[in-house]
Each structure stands twice: as C-alpha cells, then as structure tokens.
Amino acid sequence: MSDVILSLDHITKIYGSGELRVTALDDVEFEVTAGEFVAVMGPSGSGKSTCMNIIGCLDVPTHGAYRFCGVNTAELSVDELAMLRRRYLGFIFQSFNLIPRTSAVENVELPLIYMGVGKRERRERAIQALRSVGLGERAGHTPNELSGGQQQRVAIARALVTQPTLLVADEPTGNLDTRTTKEVIELMKSLNASGLTVVMVTHEPEVAQHAKRVVNFVDGRIAADGTPAEVLS
Amino acid sequence: MKTLDTLKMATSAIARNKARSLLTTLGIIIGVASVIAMVHLGQAATVSVTQRISSMGSNLLILQPGTGERGPGGKRSSGKPFQTRDYLALEDELLDAAVAPVAASSQTLVWSGTNYPGSIIGTTETYFEVRNWEVTSGRAIDREDVVESNTVCAVGATVAKEVFAGADPIGELLRVGRTSCQVVGVMAPKGASFGEDLDASIVMPISVVQQRFLGTQDVRQIYISAHDKSAIPSVTRDLTALMRERRGIQRGAQDDFNIRDMQEIAETLEGTTRTLTMLLGAIAAVSLLVGGIGIMNIMLVSVSERTREIGVRLAIGALVRDVLAQFLAEAIALSMFGGLVGVVLGVGATWITTTKMNLPFILTPEVMLVGFGFSVLIGIVFGYVPARKAANLNPIEALRYE
C-alpha cells in the first residue's frame with residue numbers, strides 16, 4: 001500500500017472570462033503516490049503547464065479539489081501556499097533560473113534563508129546538496145562560470161536542499177544538449193531511486209521514456225496514462 | 001526570514017550593480033550634502049554676524065545727530081552736532097550706562113620716516129569699557145588726560161605693527177598731523193567690522209582732538225553702554241527725553257538725532273539670516289526629493305529586470321512580505337548610503353566654504369541627523385511602490401516573463 005502524495009479530483013481550470021474564456025484543464029483526475037516518477041506530456045496548449053502549476057501549488061484550480069499531502073490548496077492563502085511550497089516542494093525550471101552573479105552555494109541556500117535556517121546550518125546543508133549533485137567543488141562559482149548542465153544541477157541542489165516530498169520539474173532538459181540532458185535525467189532517476197517523488201513536464205518522448213509513468217495531455221484532458229512503453233508506443 | 005538575511009540580500013543585490021547603484025544614490029548624495037552645507041553655512045553666517053555685532057560692545061546704543069532716515073536725494077539729514085556739554089550731561093544723568101563720546105579725525109601718522117594714514121578717535125577713558133577693547137601693553141587714556149588735554153595716545157594693533165615695525169611704541173613720540181603725541185599704550189587686536197577698523201586707529205583724549213584737529217567742541221557720536229541688557233529700554237527712553245530737552249525739540253516735533261540699538265540690529269540680522277538659511281535648506285530639500293524619485297525610478301527598472309528572479313524566489317517559498325522587505329531594504333540601503341556620503345560631503349563643503357569665507361566652522365549634530373534621517377525616510381517612501389510591485393507579482397507570470 002503506497003501513500004498518495006497528491007490527488008487531482010475533477011480539476012477544471014478556466015482562464016479569463018466571456019469571449020476570452022479558455023478552459024486549460026477540463027475535469028482532470030489522477031493521483032501520484034510516493035516514489036513515483038511521472039512524466040507529464042502533451043503538445044503546447046494541452047494544459048500540461050497549468051497542471052504543473054496546480055501540482056506545484058503555484059496556482060489553484062477553478063473547480064475541483066487538489067489535495068497535496070491531504071491538504072486542499074483552494075483553502076490556503078497566498079502565504080500559506082508559499083509555506084507549503086518551501087517545506088514540501090522543490091522546483092527546477094527549463095531556464096535554470098539561478099540568481100545571476102551569485103555563487104552556486106548562495107543560490108542553493110536561498111530556500112533555507114526563507115525558512116529561517118541559521119547561517120552555519122544553511123551553509124552545511126547547501127554544500128551537502130551540491131555534493132549530492134556532484135558539484136561540491138563548484139560551490140563558489142557563479143552561474144555564468146558554469147555550463148548549462150551544471151547550472152541545472154545547481155538548480156536541482158537548490159530544490160533538494162529543503163528535503164522536499166516532491167520534485168516538480170518544468171521542462172528540465174529543454175535548454176540542454178543531448179549529453180547534459182542524459183546527465184540530468186540520470187541524476188533525477190537516481191534521486192527517484194532513493195525515494196524522491198518526481199513530477200516532470202516535458203514534450204520530448206526520449207526524456208519521458210525514462211519516467212516510470214507517463215501522463216499524456218490533449219486539449220486539457222488526460223488522453224493516456226500508463227507506463228512509458230504503453231503511452232509512447 | 002531573518003532581518004539580517006534580508007539586509008544581506010539587499011546589500012549584495014546593490015553590490016551586483018555598483019555603477020548603477022552609485023548613480024542612483026547621486027541624487028540623494030547631492031540633496032543631503034546641499035541641505036547640510038546650506039544649513040551649516042547659514043548658521044555660520046548667523047553666528048558671525050552676532051559675533052561681529054557683539055564685538056562692537058555689549059548692550060550698545062549709538063547716539064548720532066540727524067534723523068537717521070534718509071531724506072530726499074538719499075542723503076542723511078545731518079542735524080546739528082553734539083557738544084562736549086551734551087556728553088557731560090549724559091554722564092551725569094544716565095546712571096545705568098557708561099557714556100563714551102567720539103570726535104573723529106583723519107591725520108597722517110609719522111614716526112621715524114614712516115607715514116601711515118591713521119584715523120583718530122578722540123574720546124574719554126570710558127570708550128575702552130564700552131567697546132570691550134583692552135590694552136596689551138602700557139595704559140589706556142585716562143580721565144586726567146582728557147581733563148588736562150594731554151597729548152597722549154594709545155595705538156591700535158595694526159598701527160603698532162605698521163608704523164613702529166617691531167619697535168616698542170610705548171614712550172615714543174608719534175607725530176599726528178601737526179601735533180606730537182606720546183604713545184602710552186598699545187591696544188589688543190579687534191578686527192574690522194562694518195566698515196570700521198579699530199586696529200588701524202589711534203585713541204586720543206577727546207579734548208585734544210577737538211582743540212588741535214577740529215577747532216570746535218563738536219562730538220560726532222556718543223556710545224552708550226547699558227550696564228545690563230534689561231536696562232536698554234529705560235536707558236533709551238531717558239536718553240531720548242534728555243536729548244530732546246537739551247536740543248529744544250518741541251512736543252510733537254521729530255527727533256533730530258537717532259539712537260541705534262546694536263542689540264536690536266543684531267537680532268534683526270540674525271532673524272534675516274535664519275530665514276535665508278531655512279529658505280536655502282528648503283530648496284536643497286527639493287533636490288533630496290528629486291533624488292528620491294531617482295531611487296524609485298531605478299527600483300522600478302530593477303523590479304522589471306529581476307521579474308524572473310522574483311518569480312523564483314516566490315516559487316521556492318518567499319512570502320509576500322519577504323520580497324517586499326527585500327526590495328524596501330534595497331531602496332533604504334541605497335538612500336542610507338547616499339545619506340551617509342551626503343553628510344560627509346556636506347560637512348566637507350561647509351569646511352571649505354567657511355574657511356574660504358572666514359566664517360566660524362560649527363557643526364550641528366541635529367542638522368546632520370535630520371539630513372540623514374530624511375534621506376532614509378525618502379528611501380522608505382519612494383522604495384515602497386517598487387517593493388509593493390515586486391511583492392505582488394504572480395509567481396507563474398513572473399517565471400514566464402521574458
């Protein structure tokens with residue numbers, strides 16, 4: 001019996017109103033349990049990004065209930081959502097989004113600063129997280145001194161430093177070449193193997209095939225949900 | 001999030017953009033510096049005016065013939081001069097004041113081949129007391145000199161230096177016009193003020209000046225020094241009554257003499273310089289305001305530029321107030337830095353200007369504190385709008401911002 005980490009219960013997300021009304025998600029329903037590695041796929045405009053924003057507690061659904069660790073996010077305030085994110089979620093983005101001209105270790109420390117962790121503990125945990133992504137030697141380097149793959153690994157370290165329950169990755173390999181894509185995918189797989197639940201948005205099948213489960217979105221609905229072999233074939 | 005971390009975050013953001021930060025604060029720097037320099041210079045001017053007036057003598061009234069107002073054609077109506085008996089009467093009647101008459105003349109001073117254009121002050125022994133003027137060596141003119149019309153004189157510091165060129169003037173015979181006169185004393189340096197340079201003068205008994213140089217009993221002006229500040233009004237009243245009576249002025253007719261109250265003049269001048277100081281300070285404060293707008297402008301640009309960064313911060317768990325605090329802290333740190341540099345520059349400018357203008361260099365901590373505090377306030381006020389804008393960004397849109 002595995003624990004359900006998040007559940008989307010008849011989720012509908014509507015943007016705008018009147019003529020400009022867009023239904024980004026239409027009655028979506030699925031669950032993610034602990035230890036899963038889910039790739040969310042679909043063409044652009046299929047609703048996969050909206051779905052990720054809701055899963056990442058950055059946005060709340062228009063209808064339906066999204067429960068993260070049993071908490072209905074619709075009932076939370078902006079700051080409560082922020083506290084939920086910093087405690088339980090780690091984010092990585094397509095364009096890395098590291099703070100420029102700031103060393104890798106300081107970037108990794110950032111979430112801990114917002115959590116109010118003391119200086120020394122912060123530094124120790126940040127170095128630890130950088131080591132776990134194989135960048136212990138690069139702690140003092142600023143983003144522009146690092147390759148794309150290294151920057152994404154720093155971003156992963158930043159996501160991991162709070163020991164989150166869920167890693168949300170938004171096109172993590174979109175800006176990387178084949179070699180570094182493989183590097184980052186391997187890292188995410190090994191993190192998943194050590195127990196971290198991962199939800200990754202991607203449009204590349206060759207990236208998605210590394211996941212344990214693939215959810216394919218078309219026009220705001222789930223078109224397919226299964227193992228990579230089932231969905232991608 | 002801890003306050004110290006917010007401050008560190010703000011200062012490192014500023015340090016990332018050194019040139020821009022410096023340019024941004026330039027407005028505040030100039031504003032604070034000019035407020036501080038203006039107010040300090042104004043204060044220095046006030047102090048200087050007060051000092052110069054009080055150096056003329058304390059609680060001083062100056063009695064002069066003429067109405068004191070300018071008549072047609074801009075000439076002062078002269079009025080008939082006072083006589084020796086007038087000042088003698090004043091000495092007898094004004095119990096709360098010291099009275100010193102002045103009969104003045106200009107004569108060439110000659111000693112051992114040196115010529116010097118000297119101004120001669122003919123007066124009595126009271127003059128030194130009334131003008132707060134002390135003797136450095138020898139003695140001053142005394143009552144006996146006046147009564148006996150002794151041809152003696154006390155020389156001013158400049159005269160002692162220029163005419164006697166290092167030699168001890170005491171006991172020397174100085175030729176004053178056509179009269180020989182024995183130097184009995186050297187006066188302390190007093191400095192020039194209001195067109196009068198006592199140091200370039202020599203003091204002689206009034207009787208000698210009247211007999212030898214003027215050939216009349218005329219007295220040009222009479223200095224009256226009240227023994228106490230509170231006695232000035234009553235002395236003025238008595239003086240007016242006495243002079244009207246002596247000069248036979250009918251009831252209702254205008255005085256043909258005037259009394260200048262130096263205290264009053266000092267207060268008027270002080271009030272004027274104070275008003276000017278406030279005006280200059282206010283103008284300078286406007287530039288501080290402009291500096292604040294500069295900070296707001298750059299902070300708004302900075303928020304737009306760093307939209308993605310703000311998105312990341314919000315995504316990884318920064319609260320609305322964390323972002324607000326960070327940007328507000330940046331604005332305040334900028335303005336505080338500007339304020340500090342401005343205070344230093346303002347003090348520097350004050351020092352240079354006072355030195356050049358021969359004004360006293362006096363620093364008022366309150367002024368510096370207010371200038372600095374005002375700059376911080378500007379940072380808070382003008383930093384709030386950009387900080388609010390940053391804090392209210394939607395993380396999803398901010399992350400997608402190009």
# chains A, B, ... in the order shown; residues from 1 in each chain; ligands from 1
call {"tool": "select_by_dssp", "arguments": {"residues": "range 122-185 of chain A", "states": "alpha helix (DSSP H)", "output": "JSON, numbers by chain"}}
result
{"A": [122, 123, 124, 125, 126, 127, 128, 129, 130, 131, 132, 148, 149, 150, 151, 152, 153, 154, 155, 156, 157, 158, 159, 160, 178, 179, 180, 181, 182, 183, 184, 185]}
call {"tool": "closest_atom_pairs", "arguments": {"of": "chain A", "to": "chain B", "cutoff": "10 Å", "atoms": "only C-alpha atoms", "output": "tab-separated table"}}
result
residue	atom	partner	partner_atom	distance
A:Ser49	CA	B:Ile396	CA	10.0
A:Thr50	CA	B:Ile396	CA	9.5
A:Asn53	CA	B:Ile396	CA	7.4
A:Gly56	CA	B:Ala315	CA	8.6
A:Cys57	CA	B:Ala315	CA	8.8
A:Leu58	CA	B:Ile396	CA	6.7
A:Asp59	CA	B:Ile396	CA	7.7
A:Val78	CA	B:Val320	CA	8.0
A:Asp79	CA	B:Leu319	CA	5.5
A:Glu80	CA	B:Leu319	CA	8.5
A:Leu81	CA	B:Gly317	CA	8.2
A:Ala82	CA	B:Gly317	CA	4.6
A:Met83	CA	B:Gly317	CA	5.8
A:Leu84	CA	B:Gly317	CA	7.7
A:Arg85	CA	B:Gly317	CA	5.5
A:Arg86	CA	B:Gly317	CA	4.2
A:Arg87	CA	B:Gly317	CA	7.9
A:Tyr88	CA	B:Gly317	CA	9.9
A:Leu89	CA	B:Ile316	CA	7.8
A:Gly90	CA	B:Ile316	CA	7.0
A:Phe91	CA	B:Ile316	CA	6.9
A:Ile92	CA	B:Val312	CA	9.5
A:Phe93	CA	B:Leu399	CA	8.9
A:Ser95	CA	B:Leu399	CA	9.6
A:Phe96	CA	B:Val312	CA	9.7
A:Asn97	CA	B:Val312	CA	6.7
A:Leu98	CA	B:Glu309	CA	7.6
A:Ile99	CA	B:Glu309	CA	6.2
A:Pro100	CA	B:Glu309	CA	8.6
A:Arg101	CA	B:Arg16	CA	6.8
A:Thr102	CA	B:Arg16	CA	8.5
A:Leu110	CA	B:Arg313	CA	8.0
A:Pro111	CA	B:Ile316	CA	5.9
A:Leu112	CA	B:Met1	CA	8.9
A:Ile113	CA	B:Met1	CA	6.2
A:Tyr114	CA	B:Met1	CA	4.8
A:Met115	CA	B:Met1	CA	6.1
A:Gly116	CA	B:Met1	CA	4.7
A:Val117	CA	B:Met1	CA	8.3
A:Gly118	CA	B:Lys2	CA	9.0
A:Lys119	CA	B:Asp5	CA	8.9
A:Arg158	CA	B:Ile316	CA	8.9
A:Ala159	CA	B:Ile316	CA	7.9
A:Thr162	CA	B:Ile316	CA	9.8
call {"tool": "residues_around", "arguments": {"residues": "Leu135 in chain A", "least_positions_apart": "2", "cutoff": "10 Å", "atoms": "only C-alpha atoms", "output": "ChimeraX atom specification"}}
result
/A:104-105,127-133,137-139,141,150-151,153-154,157
call {"tool": "write_last_selection", "arguments": {"atoms": "N, CA and C atoms", "output": "CSV table (one decimal), in the first residue's frame"}}
result
chain,number,residue,atom,x,y,z
A,104,ALA,N,27.0,29.5,-6.5
A,104,ALA,CA,26.2,28.4,-6.5
A,104,ALA,C,25.7,28.1,-5.1
A,105,VAL,N,26.6,28.1,-4.2
A,105,VAL,CA,26.2,27.8,-2.8
A,105,VAL,C,25.2,28.7,-2.2
A,127,ILE,N,26.1,22.9,1.0
A,127,ILE,CA,27.3,22.2,0.5
A,127,ILE,C,27.0,20.7,0.3
A,128,GLN,N,26.3,20.2,1.2
A,128,GLN,CA,25.9,18.8,1.2
A,128,GLN,C,25.0,18.5,-0.1
A,129,ALA,N,24.1,19.5,-0.3
A,129,ALA,CA,23.2,19.3,-1.5
A,129,ALA,C,24.0,19.4,-2.8
A,130,LEU,N,25.0,20.3,-2.8
A,130,LEU,CA,25.8,20.5,-4.0
A,130,LEU,C,26.6,19.2,-4.2
A,131,ARG,N,27.1,18.6,-3.1
A,131,ARG,CA,27.9,17.4,-3.3
A,131,ARG,C,27.0,16.3,-3.8
A,132,SER,N,25.8,16.2,-3.4
A,132,SER,CA,24.9,15.1,-3.8
A,132,SER,C,24.6,15.2,-5.3
A,133,VAL,N,24.8,16.4,-5.9
A,133,VAL,CA,24.6,16.5,-7.4
A,133,VAL,C,25.9,16.6,-8.1
A,137,GLU,N,32.7,20.8,-5.7
A,137,GLU,CA,33.9,21.6,-6.0
A,137,GLU,C,33.6,23.0,-6.6
A,138,ARG,N,32.3,23.1,-7.0
A,138,ARG,CA,32.0,24.3,-7.7
A,138,ARG,C,31.2,25.3,-6.9
A,139,ALA,N,31.2,25.1,-5.6
A,139,ALA,CA,30.3,25.9,-4.7
A,139,ALA,C,30.5,27.4,-4.9
A,141,HIS,N,31.4,29.1,-7.5
A,141,HIS,CA,31.2,29.6,-8.9
A,141,HIS,C,29.9,30.3,-9.1
A,150,GLN,N,25.6,22.0,-15.5
A,150,GLN,CA,26.0,22.3,-14.2
A,150,GLN,C,25.0,23.2,-13.5
A,151,GLN,N,24.5,24.2,-14.3
A,151,GLN,CA,23.6,25.2,-13.7
A,151,GLN,C,22.3,24.4,-13.3
A,153,ARG,N,22.1,21.4,-12.5
A,153,ARG,CA,22.4,20.6,-11.3
A,153,ARG,C,22.4,21.4,-10.0
A,154,VAL,N,22.9,22.7,-10.2
A,154,VAL,CA,22.8,23.6,-9.0
A,154,VAL,C,21.3,23.8,-8.7
A,157,ALA,N,20.1,21.0,-6.8
A,157,ALA,CA,20.5,21.1,-5.5
A,157,ALA,C,19.7,22.0,-4.6
call {"tool": "atom_distance", "arguments": {"atom1": "CA of Met357 in chain B", "atom2": "CA of Val343 in chain B"}}
result
20.7 Å
call {"tool": "residues_around", "arguments": {"residues": "range 290-300 of chain B", "least_positions_apart": "4", "cutoff": "9 Å", "atoms": "only C-alpha atoms", "output": "PyMOL selection string"}}
result
chain B and resi 20-21+24-31+285-286+304-305+327+330-331+334-335+375+378-379+381-387+389-390
call {"tool": "write_last_selection", "arguments": {"atoms": "C-alpha atoms", "output": "short mmCIF file (atom, residue, chain, number, x, y, z; two decimals), in the first residue's frame"}}
result
data_model
loop_
_atom_site.label_atom_id
_atom_site.label_comp_id
_atom_site.auth_asym_id
_atom_site.auth_seq_id
_atom_site.Cartn_x
_atom_site.Cartn_y
_atom_site.Cartn_z
CA ARG B 20 24.15 51.93 -11.31
CA SER B 21 23.71 51.99 -7.53
CA THR B 24 21.12 56.23 -8.34
CA THR B 25 22.29 57.50 -4.99
CA LEU B 26 23.94 60.52 -6.55
CA GLY B 27 20.67 62.41 -6.29
CA ILE B 28 20.39 61.66 -2.59
CA ILE B 29 24.07 62.42 -2.06
CA ILE B 30 23.75 65.84 -3.67
CA GLY B 31 20.49 66.51 -1.87
CA ALA B 285 15.44 69.59 0.35
CA VAL B 286 13.68 69.71 -3.01
CA SER B 304 11.11 44.66 -14.10
CA GLU B 305 14.60 43.37 -14.82
CA PHE B 327 13.18 45.50 -2.16
CA GLU B 330 17.43 47.77 -1.10
CA ALA B 331 15.87 51.21 -1.51
CA LEU B 334 20.70 52.94 -1.24
CA SER B 335 19.29 56.07 0.35
CA SER B 375 17.25 60.51 3.30
CA ILE B 378 12.89 59.19 1.30
CA GLY B 379 14.14 55.63 0.79
CA VAL B 381 8.60 56.40 0.84
CA PHE B 382 9.98 56.02 -2.67
CA GLY B 383 11.07 52.40 -2.18
CA TYR B 384 7.62 51.27 -1.16
CA VAL B 385 5.93 51.49 -4.57
CA PRO B 386 8.54 49.35 -6.40
CA ALA B 387 8.71 46.89 -3.49
CA LYS B 389 5.03 45.92 -7.21
CA ALA B 390 7.65 43.19 -6.75
#
call {"tool": "residues_around", "arguments": {"residues": "range 151-158 of chain B", "least_positions_apart": "5", "cutoff": "7 Å", "atoms": "only C-alpha atoms", "output": "JSON, numbers by chain"}}
result
{"B": [140, 141, 181, 182, 183, 184, 185, 186, 187, 188, 189, 198, 199, 200, 201, 202, 203, 204, 208]}
call {"tool": "atom_distance", "arguments": {"atom1": "CA of Val219 in chain B", "atom2": "CA of Pro101 in chain B"}}
result
6.5 Å
call {"tool": "residues_around", "arguments": {"residues": "Lys189 in chain A", "least_positions_apart": "6", "cutoff": "10 Å", "atoms": "only C-alpha atoms", "output": "count of residues only"}}
result
8
call {"tool": "atom_distance", "arguments": {"atom1": "CA of Trp351 in chain B", "atom2": "CA of Val47 in chain B"}}
result
15.1 Å
call {"tool": "select_by_dssp", "arguments": {"residues": "range 35-256 of chain B", "states": "strand (DSSP E or B)", "output": "number ranges by chain"}}
result
B: 60-65, 70, 76, 82-83, 97-111, 114-123, 135-138, 152-155, 173-176, 179-187, 192-193, 196-197, 201-205, 218-219, 221-226
call {"tool": "closest_atom_pairs", "arguments": {"of": "range 216-238 of chain B", "to": "range 116-128 of chain B", "cutoff": "12 Å", "atoms": "only C-alpha atoms", "output": "CSV"}}
result
residue,atom,partner,partner_atom,distance
B:Gln217,CA,B:Gly122,CA,11.5
B:Asp218,CA,B:Gly122,CA,10.8
B:Val219,CA,B:Gly122,CA,9.0
B:Arg220,CA,B:Gly122,CA,9.7
B:Gln221,CA,B:Thr123,CA,10.1
B:Ile222,CA,B:Thr123,CA,9.3
B:Tyr223,CA,B:Tyr127,CA,7.7
B:Ile224,CA,B:Tyr127,CA,9.3
B:Ser225,CA,B:Tyr127,CA,9.5
call {"tool": "residues_around", "arguments": {"residues": "range 39-45 of chain A", "least_positions_apart": "6", "cutoff": "12 Å", "atoms": "only C-alpha atoms", "output": "ChimeraX atom specification"}}
result
/A:22-25,30,32,51-52,55,167-172,185,188-189,197-228,231-232
call {"tool": "write_last_selection", "arguments": {"atoms": "N, CA and C atoms", "output": "short mmCIF file (atom, residue, chain, number, x, y, z; two decimals), in the first residue's frame"}}
result
data_model
loop_
_atom_site.label_atom_id
_atom_site.label_comp_id
_atom_site.auth_asym_id
_atom_site.auth_seq_id
_atom_site.Cartn_x
_atom_site.Cartn_y
_atom_site.Cartn_z
N VAL A 22 -10.85 30.58 -21.56
CA VAL A 22 -10.09 29.43 -22.03
C VAL A 22 -10.13 28.35 -20.95
N THR A 23 -10.53 27.18 -21.34
CA THR A 23 -10.53 26.07 -20.38
C THR A 23 -9.22 25.32 -20.56
N ALA A 24 -8.29 25.54 -19.61
CA ALA A 24 -6.96 24.93 -19.73
C ALA A 24 -6.98 23.48 -19.27
N LEU A 25 -7.75 23.21 -18.23
CA LEU A 25 -7.88 21.84 -17.73
C LEU A 25 -9.36 21.54 -17.62
N PHE A 30 -6.31 12.55 -11.44
CA PHE A 30 -5.29 11.50 -11.24
C PHE A 30 -4.57 11.68 -9.91
N VAL A 32 -0.85 10.79 -7.57
CA VAL A 32 0.55 10.40 -7.59
C VAL A 32 0.88 9.85 -6.22
N CYS A 51 -1.39 22.24 -15.35
CA CYS A 51 -1.46 21.11 -14.42
C CYS A 51 -0.26 21.15 -13.47
N MET A 52 0.91 21.45 -14.06
CA MET A 52 2.11 21.50 -13.22
C MET A 52 2.03 22.64 -12.20
N ILE A 55 -0.15 21.39 -9.48
CA ILE A 55 0.57 20.38 -8.68
C ILE A 55 1.63 21.06 -7.82
N LEU A 167 9.51 16.63 -6.12
CA LEU A 167 10.29 17.48 -7.01
C LEU A 167 9.46 17.76 -8.25
N VAL A 168 9.23 19.05 -8.54
CA VAL A 168 8.47 19.43 -9.72
C VAL A 168 9.46 19.99 -10.75
N ALA A 169 9.50 19.37 -11.92
CA ALA A 169 10.47 19.79 -12.94
C ALA A 169 9.71 20.23 -14.18
N ASP A 170 9.95 21.48 -14.57
CA ASP A 170 9.25 22.03 -15.73
C ASP A 170 10.21 22.07 -16.91
N GLU A 171 10.06 21.14 -17.82
CA GLU A 171 10.96 21.01 -18.97
C GLU A 171 12.43 21.12 -18.54
N PRO A 172 12.87 20.27 -17.65
CA PRO A 172 14.22 20.45 -17.07
C PRO A 172 15.32 20.30 -18.11
N ILE A 185 18.93 13.71 -16.48
CA ILE A 185 17.94 12.64 -16.36
C ILE A 185 18.44 11.55 -15.40
N MET A 188 18.10 12.68 -11.91
CA MET A 188 16.73 12.63 -11.42
C MET A 188 16.30 11.19 -11.16
N LYS A 189 16.78 10.30 -12.01
CA LYS A 189 16.43 8.88 -11.80
C LYS A 189 17.03 8.35 -10.51
N THR A 197 9.84 11.57 -4.87
CA THR A 197 8.79 11.54 -5.89
C THR A 197 9.04 12.68 -6.88
N VAL A 198 8.92 12.38 -8.18
CA VAL A 198 9.23 13.39 -9.19
C VAL A 198 8.05 13.54 -10.16
N VAL A 199 7.65 14.79 -10.41
CA VAL A 199 6.70 15.06 -11.50
C VAL A 199 7.42 15.97 -12.48
N MET A 200 7.53 15.50 -13.73
CA MET A 200 8.32 16.23 -14.71
C MET A 200 7.46 16.54 -15.93
N VAL A 201 7.43 17.80 -16.31
CA VAL A 201 6.74 18.18 -17.53
C VAL A 201 7.75 18.18 -18.66
N THR A 202 7.42 17.52 -19.77
CA THR A 202 8.33 17.52 -20.92
C THR A 202 7.53 17.29 -22.19
N HIS A 203 8.09 17.68 -23.33
CA HIS A 203 7.42 17.35 -24.57
C HIS A 203 8.27 16.39 -25.40
N GLU A 204 9.42 15.97 -24.79
CA GLU A 204 10.32 15.09 -25.54
C GLU A 204 10.08 13.63 -25.11
N PRO A 205 9.65 12.80 -26.03
CA PRO A 205 9.40 11.39 -25.69
C PRO A 205 10.65 10.69 -25.18
N GLU A 206 11.81 11.07 -25.74
CA GLU A 206 13.04 10.36 -25.32
C GLU A 206 13.41 10.69 -23.86
N VAL A 207 12.90 11.85 -23.39
CA VAL A 207 13.11 12.18 -21.98
C VAL A 207 12.03 11.47 -21.15
N ALA A 208 10.82 11.50 -21.66
CA ALA A 208 9.69 10.93 -20.92
C ALA A 208 9.86 9.43 -20.70
N GLN A 209 10.56 8.78 -21.64
CA GLN A 209 10.67 7.31 -21.53
C GLN A 209 11.46 6.86 -20.29
N HIS A 210 12.21 7.80 -19.72
CA HIS A 210 12.97 7.47 -18.51
C HIS A 210 12.09 7.43 -17.27
N ALA A 211 10.88 8.00 -17.36
CA ALA A 211 9.99 8.01 -16.20
C ALA A 211 9.36 6.63 -16.01
N LYS A 212 8.77 6.46 -14.82
CA LYS A 212 8.12 5.18 -14.56
C LYS A 212 6.70 5.20 -15.10
N ARG A 213 6.16 6.46 -15.21
CA ARG A 213 4.77 6.58 -15.63
C ARG A 213 4.65 7.83 -16.49
N VAL A 214 3.86 7.77 -17.54
CA VAL A 214 3.70 8.90 -18.43
C VAL A 214 2.21 9.26 -18.48
N VAL A 215 1.91 10.56 -18.29
CA VAL A 215 0.54 11.04 -18.43
C VAL A 215 0.53 11.96 -19.64
N ASN A 216 -0.30 11.68 -20.60
CA ASN A 216 -0.32 12.48 -21.82
C ASN A 216 -1.57 13.35 -21.86
N PHE A 217 -1.38 14.66 -22.00
CA PHE A 217 -2.50 15.61 -22.04
C PHE A 217 -2.80 15.99 -23.48
N VAL A 218 -4.09 16.03 -23.81
CA VAL A 218 -4.52 16.60 -25.08
C VAL A 218 -5.75 17.45 -24.80
N ASP A 219 -5.70 18.71 -25.19
CA ASP A 219 -6.83 19.63 -25.03
C ASP A 219 -7.39 19.66 -23.61
N GLY A 220 -6.52 19.69 -22.65
CA GLY A 220 -6.96 19.86 -21.26
C GLY A 220 -7.49 18.59 -20.63
N ARG A 221 -7.37 17.50 -21.33
CA ARG A 221 -7.82 16.23 -20.74
C ARG A 221 -6.70 15.22 -20.78
N ILE A 222 -6.80 14.21 -19.94
CA ILE A 222 -5.79 13.15 -19.96
C ILE A 222 -6.17 12.17 -21.07
N ALA A 223 -5.24 12.06 -22.04
CA ALA A 223 -5.52 11.18 -23.17
C ALA A 223 -4.98 9.78 -22.92
N ALA A 224 -3.89 9.72 -22.17
CA ALA A 224 -3.30 8.41 -21.88
C ALA A 224 -2.56 8.46 -20.55
N ASP A 225 -2.52 7.38 -19.84
CA ASP A 225 -1.87 7.31 -18.53
C ASP A 225 -1.38 5.89 -18.33
N GLY A 226 -0.06 5.70 -18.30
CA GLY A 226 0.44 4.35 -18.13
C GLY A 226 1.95 4.32 -18.13
N THR A 227 2.54 3.18 -18.33
CA THR A 227 3.99 3.07 -18.38
C THR A 227 4.46 3.72 -19.68
N PRO A 228 5.75 4.12 -19.73
CA PRO A 228 6.25 4.75 -20.95
C PRO A 228 6.00 3.88 -22.18
N VAL A 231 2.29 4.24 -23.24
CA VAL A 231 1.84 5.55 -23.72
C VAL A 231 2.60 5.99 -24.97
N LEU A 232 3.90 5.75 -24.99
CA LEU A 232 4.73 6.32 -26.05
C LEU A 232 4.67 5.52 -27.34
#
